[in-house]
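Novice: Next comes the structure file run18.txt, holding compact mmCIF, C-alpha atoms.
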```
# COMPACT_ATOMS: atom_id res chain seq x y z
CA MET C 15 64.57 128.57 74.42
CA ARG C 16 65.78 127.19 77.73
CA THR C 17 68.92 127.93 79.67
CA GLY C 18 72.03 125.81 79.36
CA VAL C 19 74.22 124.34 82.05
CA ILE C 20 77.91 124.39 82.95
CA ALA C 21 79.40 120.94 83.43
CA ARG C 22 82.82 119.37 83.72
CA LYS C 23 84.17 116.89 81.21
CA ARG C 24 85.21 113.87 83.25
CA GLY C 25 86.31 111.41 80.57
CA MET C 26 85.07 108.98 77.95
CA THR C 27 83.84 105.42 78.00
CA ALA C 28 81.48 103.22 75.98
CA MET C 29 77.87 102.17 76.51
CA TRP C 30 75.60 99.68 74.82
CA ASP C 31 71.95 100.53 74.17
CA ASP C 32 68.95 98.21 74.50
CA GLN C 33 69.47 96.89 70.94
CA GLY C 34 73.11 96.08 71.58
CA ALA C 35 74.73 98.88 69.54
CA ARG C 36 77.87 100.40 71.02
CA HIS C 37 78.02 104.16 71.60
CA PRO C 38 81.20 106.01 72.63
CA VAL C 39 80.14 108.44 75.36
CA THR C 40 81.63 111.42 77.13
CA VAL C 41 80.80 111.77 80.83
CA LEU C 42 79.84 115.32 81.85
CA GLN C 43 79.26 116.14 85.51
CA LEU C 44 77.38 119.16 86.87
CA ASP C 45 79.50 120.59 89.68
CA ASN C 46 77.11 122.57 91.90
CA CYS C 47 75.73 124.56 88.96
CA GLN C 48 73.54 127.44 90.17
CA VAL C 49 71.73 130.37 88.59
CA THR C 50 73.32 133.68 89.64
CA ALA C 51 71.32 136.25 87.68
CA ASN C 52 68.55 136.84 85.18
CA ILE C 53 69.63 139.40 82.63
CA LYS C 54 67.41 141.69 80.61
CA THR C 55 68.92 144.36 78.39
CA VAL C 56 66.88 146.78 76.28
CA ARG C 57 68.79 147.80 73.18
CA LYS C 58 68.58 151.22 71.49
CA ASP C 59 66.03 149.91 68.99
CA LYS C 60 63.80 148.78 71.89
CA SER C 61 64.45 145.06 71.26
CA GLU C 62 65.24 143.01 74.36
CA TYR C 63 68.03 140.59 75.16
CA HIS C 64 67.20 138.05 77.83
CA ALA C 65 69.70 135.68 79.38
CA VAL C 66 70.21 133.43 82.37
CA GLN C 67 73.58 133.68 84.09
CA VAL C 68 74.86 130.39 85.50
CA ALA C 69 77.89 129.65 87.67
CA ALA C 70 79.60 126.39 88.62
CA THR C 71 82.24 124.84 90.88
CA ASP C 72 82.66 126.41 94.33
CA LYS C 73 85.78 128.44 95.06
CA ARG C 74 87.40 129.69 98.27
CA ALA C 75 86.30 133.19 99.28
CA LYS C 76 89.92 134.18 99.87
CA ASN C 77 90.68 133.49 96.20
CA THR C 78 87.74 135.52 94.89
CA THR C 79 87.95 139.24 94.12
CA ALA C 80 85.85 141.60 96.20
CA GLN C 81 83.78 142.54 93.18
CA MET C 82 82.85 138.93 92.46
CA LEU C 83 82.25 138.24 96.14
CA GLY C 84 79.67 141.01 96.15
CA HIS C 85 78.07 139.62 93.00
CA PHE C 86 77.76 136.13 94.49
CA GLU C 87 76.43 137.56 97.77
CA LYS C 88 73.70 139.41 95.89
CA ALA C 89 72.74 136.10 94.25
CA GLY C 90 72.96 134.27 97.57
CA VAL C 91 75.33 131.58 96.30
CA ALA C 92 78.82 130.49 97.28
CA PRO C 93 81.69 131.99 95.23
CA LYS C 94 82.16 130.06 91.98
CA GLN C 95 85.02 129.46 89.54
CA ILE C 96 83.21 130.07 86.29
CA VAL C 97 80.29 132.34 85.41
CA LYS C 98 78.64 132.20 81.97
CA GLU C 99 75.33 133.31 80.54
CA PHE C 100 72.94 131.61 78.14
CA PRO C 101 70.53 133.61 75.93
CA VAL C 102 66.91 132.59 76.55
CA THR C 103 63.40 133.63 75.61
CA PRO C 104 61.69 135.98 78.13
CA ASP C 105 59.56 133.17 79.58
CA ALA C 106 62.53 130.94 80.41
CA HIS C 107 64.03 132.88 83.32
CA VAL C 108 64.94 130.76 86.36
CA PRO C 109 64.82 132.01 89.99
CA VAL C 110 68.26 133.14 91.21
CA GLY C 111 69.96 130.55 93.41
CA THR C 112 68.30 127.49 91.81
CA VAL C 113 70.61 124.49 91.69
CA LEU C 114 70.50 122.99 88.21
CA SER C 115 70.61 119.23 87.90
CA ALA C 116 71.41 116.63 85.26
CA VAL C 117 67.68 116.00 84.79
CA HIS C 118 67.59 119.30 82.87
CA PHE C 119 68.43 117.12 79.84
CA VAL C 120 66.17 114.33 78.61
CA PRO C 121 67.83 111.17 77.23
CA GLY C 122 67.19 111.16 73.49
CA GLN C 123 67.53 114.91 73.00
CA TYR C 124 70.43 116.60 71.24
CA VAL C 125 72.82 119.10 72.82
CA ASP C 126 75.62 121.41 71.77
CA VAL C 127 78.75 121.37 73.91
CA ILE C 128 81.07 124.37 73.98
CA ALA C 129 84.54 124.28 75.51
CA LYS C 130 88.09 125.50 75.06
CA SER C 131 89.95 123.03 72.86
CA ILE C 132 93.22 121.38 73.89
CA GLY C 133 96.14 123.74 73.28
CA LYS C 134 98.68 122.45 70.78
CA GLY C 135 101.20 125.28 71.00
CA PHE C 136 103.02 126.78 68.04
CA GLN C 137 102.23 124.54 65.06
CA GLY C 138 103.25 124.52 61.44
CA GLY C 139 101.09 124.85 58.34
CA MET C 140 100.55 121.14 57.88
CA LYS C 141 98.91 120.62 61.24
CA ARG C 142 97.29 124.04 61.59
CA TRP C 143 95.93 124.51 58.05
CA ASN C 144 96.11 121.00 56.53
CA PHE C 145 98.78 122.11 54.05
CA LYS C 146 100.20 119.24 52.02
CA GLY C 147 103.87 120.10 52.52
CA LEU C 148 106.41 119.11 49.88
CA ARG C 149 107.62 115.78 48.52
CA ALA C 150 109.61 113.42 50.70
CA SER C 151 112.33 113.00 48.09
CA HIS C 152 113.09 113.91 44.44
CA GLY C 153 115.43 116.76 45.31
CA VAL C 154 113.47 118.56 48.04
CA SER C 155 116.04 119.97 50.44
CA ILE C 156 115.13 120.43 54.11
CA SER C 157 111.65 121.84 53.39
CA HIS C 158 109.50 118.73 53.55
CA ARG C 159 106.94 120.25 55.93
CA SER C 160 107.23 123.90 54.97
CA SER C 161 104.34 126.00 53.66
CA GLY C 162 106.05 126.91 50.40
CA ALA C 163 105.57 130.33 48.82
CA MET C 164 103.79 133.10 50.74
CA GLY C 165 102.41 135.12 47.80
CA ALA C 166 102.94 136.39 44.27
CA HIS C 167 105.75 138.73 43.03
CA GLN C 168 105.95 142.46 42.59
CA ASP C 169 102.19 142.59 42.08
CA PRO C 170 100.80 142.86 44.77
CA GLY C 171 104.27 143.00 46.33
CA ARG C 172 102.99 142.14 49.79
CA ILE C 173 101.35 139.28 51.63
CA TRP C 174 97.55 139.28 51.71
CA PRO C 175 96.12 139.87 55.19
CA GLY C 176 94.89 136.62 56.69
CA LYS C 177 97.52 134.52 54.94
CA LYS C 178 97.53 131.08 56.54
CA MET C 179 100.85 130.70 58.34
CA PRO C 180 102.28 128.75 61.27
CA GLY C 181 101.13 129.97 64.67
CA ARG C 182 99.46 128.98 67.88
CA LEU C 183 96.89 126.20 67.45
CA GLY C 184 94.20 125.17 69.93
CA GLY C 185 93.10 126.73 73.20
CA GLU C 186 90.12 128.37 71.52
CA ARG C 187 86.38 128.12 71.98
CA ILE C 188 84.92 125.23 69.97
CA THR C 189 81.29 124.11 69.68
CA THR C 190 80.50 120.46 69.01
CA GLN C 191 76.95 120.27 67.77
CA ASN C 192 74.15 117.72 67.86
CA LEU C 193 75.43 115.28 70.46
CA LYS C 194 72.76 112.88 71.64
CA VAL C 195 72.16 112.51 75.37
CA ILE C 196 72.34 108.77 76.10
CA ARG C 197 71.99 108.58 79.87
CA VAL C 198 71.25 110.88 82.79
CA ASP C 199 72.18 110.07 86.41
CA SER C 200 70.77 112.44 89.02
CA THR C 201 72.56 110.98 92.09
CA LEU C 202 75.96 111.99 90.77
CA ASN C 203 74.64 114.67 88.36
CA LEU C 204 76.06 112.93 85.28
CA VAL C 205 75.05 113.48 81.67
CA PHE C 206 76.39 110.92 79.17
CA VAL C 207 76.55 112.35 75.62
CA ARG C 208 77.40 110.31 72.55
CA GLY C 209 80.63 111.33 70.87
CA CYS C 210 83.56 113.52 71.79
CA VAL C 211 83.66 116.93 73.37
CA PRO C 212 86.43 119.56 73.10
CA GLY C 213 88.79 120.19 75.99
CA VAL C 214 90.83 118.29 78.52
CA ASP C 215 89.38 116.13 81.30
CA ASP C 216 87.94 118.14 84.22
CA ALA C 217 87.58 121.21 81.99
CA HIS C 218 84.43 123.33 82.28
CA VAL C 219 82.07 122.95 79.33
CA MET C 220 78.83 124.71 78.48
CA VAL C 221 76.01 122.36 77.52
CA GLN C 222 72.82 123.66 75.92
CA ASP C 223 69.99 122.40 73.72
CA ALA C 224 71.17 121.86 70.15
CA LYS C 225 70.54 125.03 68.16
CA LYS C 226 70.16 123.33 64.79
CA THR C 227 68.66 119.92 65.55
CA LEU C 228 66.44 120.95 68.45
CA VAL C 229 65.69 124.67 68.66
CA PHE C 230 65.51 125.68 64.98
CA ALA C 231 63.97 122.37 63.89
CA ALA C 232 61.31 122.84 66.57
CA LYS C 233 60.63 126.38 65.42
CA HIS C 234 60.27 125.37 61.77
CA ASN C 235 58.10 122.34 62.51
CA HIS C 236 55.91 124.40 64.82
CA ALA C 237 55.46 126.99 62.11
CA LYS C 238 54.49 124.24 59.67
CA ALA C 239 52.04 122.84 62.27
CA LEU C 240 53.87 119.47 62.44
CA TYR C 241 53.47 119.28 66.20
CA GLU C 242 54.62 115.65 66.50
CA LYS C 243 58.02 116.57 65.01
CA VAL C 244 58.67 119.54 67.28
CA LEU C 245 60.70 117.50 69.78
CA PRO C 246 63.12 114.68 68.79
CA LYS C 247 61.85 111.12 68.57
CA GLY C 248 61.21 109.62 71.97
CA VAL C 249 61.28 112.96 73.81
CA ASP C 250 57.83 114.00 75.03
CA ASP C 251 58.68 117.10 77.00
CA LEU C 252 61.63 119.11 78.29
CA PRO C 253 61.81 120.47 81.85
CA PHE C 254 60.90 124.14 81.53
CA PRO C 255 62.29 126.60 82.52
CA ALA C 256 65.03 124.31 83.92
CA GLY C 257 65.62 120.89 85.46
CA THR C 258 66.41 121.62 89.09
CA ALA C 259 67.66 119.56 92.02
CA GLU C 260 64.10 119.71 93.46
CA LEU C 261 62.71 118.10 90.31
CA ALA C 262 65.42 115.44 90.42
CA LYS C 263 64.11 114.18 93.78
CA ASP C 264 60.80 113.15 92.18
CA LEU C 265 62.32 111.47 89.14
CA PRO C 266 64.04 108.08 88.84
CA PRO C 267 67.79 108.21 89.62
CA VAL C 268 69.01 106.81 86.27
CA ILE C 269 67.33 107.31 82.89
CA GLU C 270 68.58 105.94 79.58
CA ALA C 271 67.63 106.74 76.02
CA PRO C 272 66.00 104.00 73.94
CA ALA C 273 67.36 103.25 70.48
CA MET C 274 64.28 104.60 68.62
CA ARG C 275 65.13 102.66 65.48
CA THR C 276 64.89 99.11 64.12
CA SER C 277 67.73 96.96 65.35
CA PRO C 278 70.85 97.38 63.15
CA PHE C 279 71.59 93.69 63.71
CA ILE C 280 68.54 92.50 61.78
CA PRO C 281 69.52 92.16 58.10
CA ARG C 282 67.44 94.21 55.71
CA GLU C 283 66.08 92.82 52.45
CA MET D 11 37.86 95.42 84.89
CA LEU D 12 39.77 92.70 86.68
CA THR D 13 42.12 92.29 83.70
CA ALA D 14 42.61 96.05 83.62
CA ARG D 15 43.64 95.93 87.31
CA LEU D 16 46.02 93.04 86.65
CA ARG D 17 47.48 94.91 83.70
CA ALA D 18 48.01 98.03 85.82
CA LEU D 19 49.70 95.92 88.48
CA ALA D 20 51.98 94.28 85.91
CA ARG D 21 52.82 97.68 84.42
CA SER D 22 53.72 99.11 87.80
CA MET D 23 56.00 96.15 88.58
CA SER D 24 57.89 96.25 85.29
CA THR D 25 61.18 98.07 85.38
CA ALA D 26 61.95 97.89 81.67
CA THR D 27 60.05 100.89 80.30
CA THR D 28 58.73 103.88 82.12
CA SER D 29 55.16 104.86 82.79
CA ALA D 30 54.25 108.49 82.32
CA ALA D 31 54.00 108.97 86.09
CA SER D 32 57.61 107.99 86.92
CA TYR D 33 59.32 109.88 84.05
CA PRO D 34 56.98 112.36 82.38
CA PHE D 35 59.49 113.69 79.85
CA SER D 36 59.81 110.53 77.76
CA LYS D 37 57.42 107.59 77.66
CA ALA D 38 59.89 105.37 75.85
CA ALA D 39 62.86 106.07 78.13
CA ILE D 40 64.49 103.12 79.86
CA LEU D 41 64.89 103.11 83.65
CA PRO D 42 67.72 100.69 84.43
CA THR D 43 68.34 99.55 88.00
CA PRO D 44 70.68 102.13 89.51
CA PRO D 45 74.23 100.94 90.32
CA PRO D 46 74.99 99.93 93.95
CA ALA D 47 75.36 102.99 96.21
CA PRO D 48 79.03 104.03 96.40
CA PRO D 49 80.75 104.41 99.80
CA SER D 50 81.29 108.17 99.54
CA LEU D 51 78.97 110.28 97.41
CA GLU D 52 80.65 113.57 98.32
CA SER D 53 83.99 112.92 96.66
CA LEU D 54 82.30 111.33 93.63
CA ARG D 55 80.08 114.41 93.24
CA LYS D 56 83.28 116.48 93.06
CA GLY D 57 84.62 114.11 90.42
CA LYS D 58 87.31 112.41 92.55
CA GLY D 59 87.58 108.82 91.44
CA LEU D 60 84.51 109.11 89.22
CA MET D 61 85.83 107.28 86.17
CA PRO D 62 87.24 104.30 88.16
CA TYR D 63 83.86 104.14 89.96
CA LEU D 64 82.01 104.08 86.62
CA GLN D 65 84.27 101.23 85.49
CA THR D 66 82.77 99.10 88.24
CA ALA D 67 79.26 100.58 88.22
CA LEU D 68 78.36 100.55 84.52
CA PRO D 69 78.89 96.91 83.50
CA PRO D 70 76.30 94.37 84.74
CA SER D 71 77.37 91.96 87.48
CA GLN D 72 78.28 88.98 85.30
CA LYS D 73 80.44 91.10 83.01
CA GLN D 74 81.93 92.76 86.10
CA GLN D 75 83.09 89.31 87.23
CA TRP D 76 84.67 88.64 83.85
CA LEU D 77 86.43 92.00 83.92
CA ALA D 78 87.73 91.30 87.42
CA THR D 79 88.97 87.76 86.72
CA LEU D 80 89.45 86.94 83.03
CA PHE D 81 90.48 90.41 81.90
CA SER D 82 92.39 91.68 84.90
CA LYS D 83 96.13 92.13 84.79
CA ARG D 84 97.08 90.08 87.84
CA HIS D 85 94.33 87.58 88.66
CA PRO D 86 95.58 83.95 88.66
CA ASP D 87 92.75 82.91 86.30
CA ARG D 88 93.28 85.76 83.84
CA LEU D 89 93.29 85.19 80.09
CA VAL D 90 96.72 85.21 78.53
CA PRO D 91 97.38 85.95 74.83
CA GLY D 92 97.95 82.64 73.11
CA SER D 93 95.00 80.93 74.77
CA VAL D 94 92.32 79.35 72.61
CA LEU D 95 88.79 80.54 73.43
CA THR D 96 85.28 79.78 72.21
CA VAL D 97 82.89 82.70 72.36
CA THR D 98 79.10 82.39 72.17
CA THR D 99 77.22 85.39 70.76
CA ALA D 100 73.59 86.27 70.40
CA HIS D 101 73.74 86.96 66.67
CA ALA D 102 75.71 85.41 63.84
CA PRO D 103 78.25 83.84 64.06
CA ASN D 104 76.65 82.27 67.09
CA SER D 105 79.89 80.63 68.10
CA PHE D 106 83.46 81.59 67.22
CA SER D 107 86.67 79.95 68.34
CA GLY D 108 90.15 81.28 67.97
CA VAL D 109 93.53 82.13 69.38
CA LEU D 110 93.49 85.14 71.68
CA LEU D 111 95.75 87.68 69.96
CA SER D 112 95.28 90.73 72.15
CA ILE D 113 93.36 92.12 75.10
CA ARG D 114 92.57 95.83 74.98
CA ARG D 115 91.85 96.94 78.57
CA ARG D 116 89.70 100.07 78.77
CA GLY D 117 87.42 99.41 81.72
CA PRO D 118 83.84 99.11 80.41
CA ASP D 119 85.19 99.26 76.84
CA THR D 120 87.51 96.24 77.23
CA SER D 121 87.73 94.06 74.13
CA PHE D 122 89.76 91.17 72.77
CA VAL D 123 90.66 89.78 69.35
CA LEU D 124 90.41 86.11 68.37
CA ARG D 125 92.05 84.73 65.24
CA ASN D 126 91.12 81.55 63.44
CA VAL D 127 91.73 80.03 60.02
CA ILE D 128 88.41 78.95 58.54
CA GLN D 129 88.46 77.14 55.17
CA ARG D 130 92.00 78.42 54.55
CA ILE D 131 90.99 82.04 55.16
CA GLY D 132 92.36 83.86 58.19
CA VAL D 133 89.52 85.44 60.16
CA GLU D 134 89.89 87.79 63.10
CA MET D 135 87.01 88.99 65.28
CA GLN D 136 87.04 91.64 67.96
CA PHE D 137 84.60 91.09 70.84
CA PHE D 138 83.64 93.71 73.40
CA VAL D 139 83.25 92.22 76.86
CA ASN D 140 80.38 94.49 77.87
CA SER D 141 78.35 93.96 74.72
CA PRO D 142 74.93 92.43 75.46
CA HIS D 143 75.48 90.14 72.45
CA LEU D 144 78.43 88.39 74.11
CA LYS D 145 76.86 85.48 75.99
CA ASP D 146 79.67 83.19 77.06
CA ILE D 147 83.44 82.76 76.96
CA LYS D 148 84.85 79.22 77.23
CA ILE D 149 88.53 78.53 77.57
CA VAL D 150 89.46 75.65 75.30
CA LYS D 151 93.18 75.71 75.97
CA ARG D 152 95.15 77.96 78.27
CA ALA D 153 98.40 79.42 76.96
CA GLY D 154 101.57 78.00 78.38
CA SER D 155 100.28 74.45 78.73
CA GLY D 156 101.98 71.59 76.94
CA GLY D 157 105.68 70.81 77.18
CA GLY D 158 108.78 72.08 75.48
CA LYS D 159 108.77 75.28 73.43
CA ALA D 160 104.99 75.57 73.48
CA GLY D 161 105.00 75.32 77.26
CA ARG D 162 106.67 78.69 77.84
CA ARG D 163 104.59 81.90 78.00
CA THR D 164 104.58 84.19 74.96
CA ARG D 165 107.05 87.04 75.14
CA ARG D 166 104.53 89.54 73.75
CA ALA D 167 101.26 91.01 74.97
CA LYS D 168 99.90 91.31 71.43
CA LEU D 169 100.47 88.37 69.12
CA PHE D 170 99.96 90.14 65.79
CA TYR D 171 103.02 88.33 64.41
CA LEU D 172 100.79 85.25 64.11
CA ARG D 173 99.16 86.90 61.09
CA ASN D 174 102.32 86.23 59.12
CA SER D 175 103.26 82.80 60.48
CA PRO D 176 100.68 80.08 59.86
CA GLU D 177 103.05 77.48 61.29
CA LYS D 178 102.99 79.12 64.72
CA MET D 179 99.17 79.33 64.49
CA THR D 180 98.93 75.59 63.90
CA ALA D 181 101.43 75.01 66.70
CA ILE D 182 99.08 76.83 69.11
CA ALA D 183 95.68 75.89 67.78
CA GLY D 184 96.31 72.80 65.67
CA GLY D 185 94.33 69.71 66.54
CA ILE D 186 91.60 71.60 68.39
CA LYS D 187 88.09 71.10 67.11
CA ALA D 188 86.24 74.39 66.67
```
Translate this structure into C-alpha cells?
Specialist:
Amino acid sequence: MRTGVIARKRGMTAMWDDQGARHPVTVLQLDNCQVTANIKTVRKDKSEYHAVQVAATDKRAKNTTAQMLGHFEKAGVAPKQIVKEFPVTPDAHVPVGTVLSAVHFVPGQYVDVIAKSIGKGFQGGMKRWNFKGLRASHGVSISHRSSGAMGAHQDPGRIWPGKKMPGRLGGERITTQNLKVIRVDSTLNLVFVRGCVPGVDDAHVMVQDAKKTLVFAAKHNHAKALYEKVLPKGVDDLPFPAGTAELAKDLPPVIEAPAMRTSPFIPRE
Amino acid sequence: MLTARLRALARSMSTATTSAASYPFSKAAILPTPPPAPPSLESLRKGKGLMPYLQTALPPSQKQQWLATLFSKRHPDRLVPGSVLTVTTAHAPNSFSGVLLSIRRRGPDTSFVLRNVIQRIGVEMQFFVNSPHLKDIKIVKRAGSGGGKAGRRTRRAKLFYLRNSPEKMTAIAGGIKA
C-alpha cells in the first residue's frame, strides 16, 4: 500500500475524453507536498504500524510554533501548514524530504479523496437528517419544518441517546471514494479527478489510492491468482514507493486517461 | 527489417498513444500536446489564477477562438440570444438548426441551447462548445436584424418564454430553411 498525498482543491471544470464523452472534473493541485517522517510503531501485541507522514503548503517561520519548527528542521523541510500521515506497508516508506509530485497518480486509476466538508451551520431536521417535516396546509400551524415528536410517553419517559435533532451540520471529515484520475499535469502539479470532492476551493484534501476499488480489489485478485485484474484497466504499474518530482522530470508533462470502453455514441443492437 | 525500422520511426513520431519508454505506467495512456507555457509558473504553482489559466489552456485552439469571440460577453461578433444558428455535429443529428435560447458561460464547460419546431414537435438541444463532436457553428440570422419590433434586441438573456409562445418563435425563425 503506497502513501497518499496532500493536495488543494482548486475548482471544477469539464473535460472530454478521446471518445467524446464529457466528464465533470475537480482540479487538485499539489502545493509543495513533502515527506516529513516515516513512522513505525510496535504495538503491545508485537504487531507493527507503519505510516508515511506528509506535509504541504509552506508557512512563515514566525507563524509556526517552536515545537513544529524543530520537527520540520529535523526533516529538513520548510515549515508547512498541514501535516498528515498515511498508513502504508513496511516496504512503502519514502525518504524524508522527498517532494511528491502529481505523477504519483496514474490516469485511469481510482482514488479516495478526504476533506472537511463545507460547514452549513446550525441546521434543522429536514436538512440535517432528511426528515419529511409536516404538511404545508390542512391545519398545520407554524410547524411545517419541525421534527415532530421526540419520543414516546411515560415509558421510557426520556429521549433515547442519539436522537436525531437539529444541530451543527457540515465541517466534518468526509471521504469520497472511487474517483477516477482523468489527467495528470506535472508542470503545475495538477491531478484532475472525475466527480466532486468535499470542501471549499483552496481547501487541503488528502488523496490516496482507492481502498475498495484499488487496494482491496488488488489483494483479492492477487490471492485468486488473477494477475491481469490486480490493477485497473489501462493501468500497467504504479510509481512505488511514491511518484516524486525527480521522476516527473523523465515523464511527459501531461498524461490523460483513455476511455477503456467501447464508444457510448455507437448504438448497441 | 526495413519495414520494422519504418514502423519504429512512425511509432516514435506519433503523439497519440504512448510507447512504454515515454510513460511506463500505462501503455494506453494518451499524451496530449501540453498547453502553451504560461507567463509565470510560480504564481500558477501556488494556485493564483489557476482556474482562469485552465479556461484558456484546456480547450483546443479553434474552440478557444469560438469562446473568445462567439461566446464572450463583450465581443462585437458575439452570439446574442434570439439568433438562428446551424450546428454541425459528428454524430446524429449531423446538422441541427434552431433559435439560440440561452448561453451558459462556464469557461471550458460553456454550452448553449437551440430550439426548433420539427414536424410540429418542439425540440431543444444543448451543445457544449468544447465537445469534440461539435464541428461547426454557422450563423443563419443574427438577432436584432430586420425592422420594426423584430429589429430591437431581446430584453432577456434566456429566452425560455419562447417555449410557450409559438407565434414569437415563428416571428424569429419563420421563413428560414433548416
Novice: Give as an MDAnalysis selection string every residue of chain C that touches chain D within 9 Å, counting all atoms listed in the file.
Specialist: chainID C and resid 22 24:36 38 41 43:46 71 120:122 199 201:203 216 248:253 264:272 274 279
Novice: Just the residues within 10 Å of Arg152 of chain D, please, counting all atoms listed in the file, with nothing from its chain fewer than 2 positions along; format it as a PDB file with C-alpha atoms, keeping the file's coordinate frame.
Specialist:
```
ATOM      1  CA  ASP D  87      92.750  82.910  86.300  1.00  0.00           C
ATOM      2  CA  ARG D  88      93.280  85.760  83.840  1.00  0.00           C
ATOM      3  CA  LEU D  89      93.290  85.190  80.090  1.00  0.00           C
ATOM      4  CA  VAL D  90      96.720  85.210  78.530  1.00  0.00           C
ATOM      5  CA  PRO D  91      97.380  85.950  74.830  1.00  0.00           C
ATOM      6  CA  GLY D  92      97.950  82.640  73.110  1.00  0.00           C
ATOM      7  CA  SER D  93      95.000  80.930  74.770  1.00  0.00           C
ATOM      8  CA  VAL D  94      92.320  79.350  72.610  1.00  0.00           C
ATOM      9  CA  LEU D  95      88.790  80.540  73.430  1.00  0.00           C
ATOM     10  CA  VAL D 109      93.530  82.130  69.380  1.00  0.00           C
ATOM     11  CA  LEU D 110      93.490  85.140  71.680  1.00  0.00           C
ATOM     12  CA  ILE D 149      88.530  78.530  77.570  1.00  0.00           C
ATOM     13  CA  VAL D 150      89.460  75.650  75.300  1.00  0.00           C
ATOM     14  CA  GLY D 154     101.570  78.000  78.380  1.00  0.00           C
ATOM     15  CA  SER D 155     100.280  74.450  78.730  1.00  0.00           C
ATOM     16  CA  GLY D 156     101.980  71.590  76.940  1.00  0.00           C
TER      17      GLY D 156
END
```
Novice: Separation of atom CA of Gly185 of chain C and atom CA of Val214 of chain C, in Å?
Specialist: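 Computing the Euclidean distance for atom CA of Gly185 of chain C and atom CA of Val214 of chain C yields 10.2 Å.
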Novice: Each side padded by 4 Å, which centre and which edge lengths in Å (one decimal) define the axis-aligned box around the listed atoms of segment 133-147 of chain D? Give them as AutoDock Vina command-line options.
Specialist:
```
--center_x 82.4 --center_y 88.6 --center_z 69.0 --size_x 23.0 --size_y 19.7 --size_z 25.7
```
Novice: One decimal, in Å: what's the spacing between atom CA of Arg159 of chain C and atom CA of Pro175 of chain C?
Specialist: 22.4 Å
Novice: Anything within 9 Å of (87.1, 92.2, 83.2): list those residues as an mmCIF file with C-alpha atoms, keeping the file's coordinate frame, counting all atoms listed in the file and sticking to the file's coordinates.
Specialist:
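As written to disk, result32.cif reads:
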```cif
data_model
loop_
_atom_site.group_PDB
_atom_site.id
_atom_site.type_symbol
_atom_site.label_atom_id
_atom_site.label_comp_id
_atom_site.auth_asym_id
_atom_site.auth_seq_id
_atom_site.Cartn_x
_atom_site.Cartn_y
_atom_site.Cartn_z
ATOM 1 C CA LYS D 73 80.440 91.100 83.010
ATOM 2 C CA GLN D 74 81.930 92.760 86.100
ATOM 3 C CA GLN D 75 83.090 89.310 87.230
ATOM 4 C CA TRP D 76 84.670 88.640 83.850
ATOM 5 C CA LEU D 77 86.430 92.000 83.920
ATOM 6 C CA ALA D 78 87.730 91.300 87.420
ATOM 7 C CA THR D 79 88.970 87.760 86.720
ATOM 8 C CA LEU D 80 89.450 86.940 83.030
ATOM 9 C CA PHE D 81 90.480 90.410 81.900
ATOM 10 C CA SER D 82 92.390 91.680 84.900
ATOM 11 C CA ARG D 88 93.280 85.760 83.840
ATOM 12 C CA ARG D 115 91.850 96.940 78.570
ATOM 13 C CA GLY D 117 87.420 99.410 81.720
ATOM 14 C CA PRO D 118 83.840 99.110 80.410
ATOM 15 C CA THR D 120 87.510 96.240 77.230
ATOM 16 C CA VAL D 139 83.250 92.220 76.860
ATOM 17 C CA ASN D 140 80.380 94.490 77.870
#
```
Novice: Record the distance separating atom CA of Ser115 of chain C and atom CA of Gly257 of chain C, expressed in Å with one decimal.
Specialist: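 Computing it gives 5.8 Å between the two atoms.
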Novice: Find the residues with any atom within 12 Å of (69.7, 144.2, 76.6); use only C-alpha atoms and the coordinates as given in the file, and write the answer as a list in words.
Specialist: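 Taken together, the residues in range are Asn52, Ile53, Lys54, Thr55, Val56, Arg57, Lys58, Asp59, Lys60, Ser61, Glu62, Tyr63, His64, Ala65, Pro101, Val102 and Pro104 of chain C.
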Novice: Need to verify the contact set: segment 74-88 of chain C, 12 Å, only C-alpha atoms, exclusion of same-chain residues closer than 3 positions in sequence. Can you return it as an NGL selection string?
Specialist: :C and (48-51 or 67-71 or 91-97 or 110-111)
Novice: Would you output that residue set with C-alpha atoms, as a PDB file, in the frame of the given file?
Specialist:
```pdb
ATOM      1  CA  GLN C  48      73.540 127.440  90.170  1.00  0.00           C
ATOM      2  CA  VAL C  49      71.730 130.370  88.590  1.00  0.00           C
ATOM      3  CA  THR C  50      73.320 133.680  89.640  1.00  0.00           C
ATOM      4  CA  ALA C  51      71.320 136.250  87.680  1.00  0.00           C
ATOM      5  CA  GLN C  67      73.580 133.680  84.090  1.00  0.00           C
ATOM      6  CA  VAL C  68      74.860 130.390  85.500  1.00  0.00           C
ATOM      7  CA  ALA C  69      77.890 129.650  87.670  1.00  0.00           C
ATOM      8  CA  ALA C  70      79.600 126.390  88.620  1.00  0.00           C
ATOM      9  CA  THR C  71      82.240 124.840  90.880  1.00  0.00           C
ATOM     10  CA  VAL C  91      75.330 131.580  96.300  1.00  0.00           C
ATOM     11  CA  ALA C  92      78.820 130.490  97.280  1.00  0.00           C
ATOM     12  CA  PRO C  93      81.690 131.990  95.230  1.00  0.00           C
ATOM     13  CA  LYS C  94      82.160 130.060  91.980  1.00  0.00           C
ATOM     14  CA  GLN C  95      85.020 129.460  89.540  1.00  0.00           C
ATOM     15  CA  ILE C  96      83.210 130.070  86.290  1.00  0.00           C
ATOM     16  CA  VAL C  97      80.290 132.340  85.410  1.00  0.00           C
ATOM     17  CA  VAL C 110      68.260 133.140  91.210  1.00  0.00           C
ATOM     18  CA  GLY C 111      69.960 130.550  93.410  1.00  0.00           C
TER      19      GLY C 111
END
```
Novice: Tell me which of D:Phe137, D:Tyr63, D:Asn126, D:Gly132 sits closest to Thr99 of chain D, counting only C-alpha atoms.
Specialist: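 Of D:Phe137, D:Tyr63, D:Asn126, D:Gly132, the one nearest Thr99 of chain D is D:Phe137, counting only C-alpha atoms.
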Novice: So, with all atoms listed in the file as the atoms that count, which of C:Gln168, C:Val108, C:Gly18, C:Phe119 lies closest to Phe206 of chain C?
Specialist: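 Nearest candidate to Phe206 of chain C out of C:Gln168, C:Val108, C:Gly18, C:Phe119: C:Phe119.
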Novice: Which residues, written as number ranges by chain, have at least one atom at most 7 Å from Ile113 of chain D, with only C-alpha atoms counted and residues fewer than 2 positions away on the same chain left out?
Specialist: D: 115, 121-123
Novice: Which residues are near Thr96 of chain D? Cut-off 7 Å, all atoms listed in the file, ignore same chain within fewer than 4 positions. Put them as an MDAnalysis selection string.
Specialist: chainID D and resid 105:108 147:150
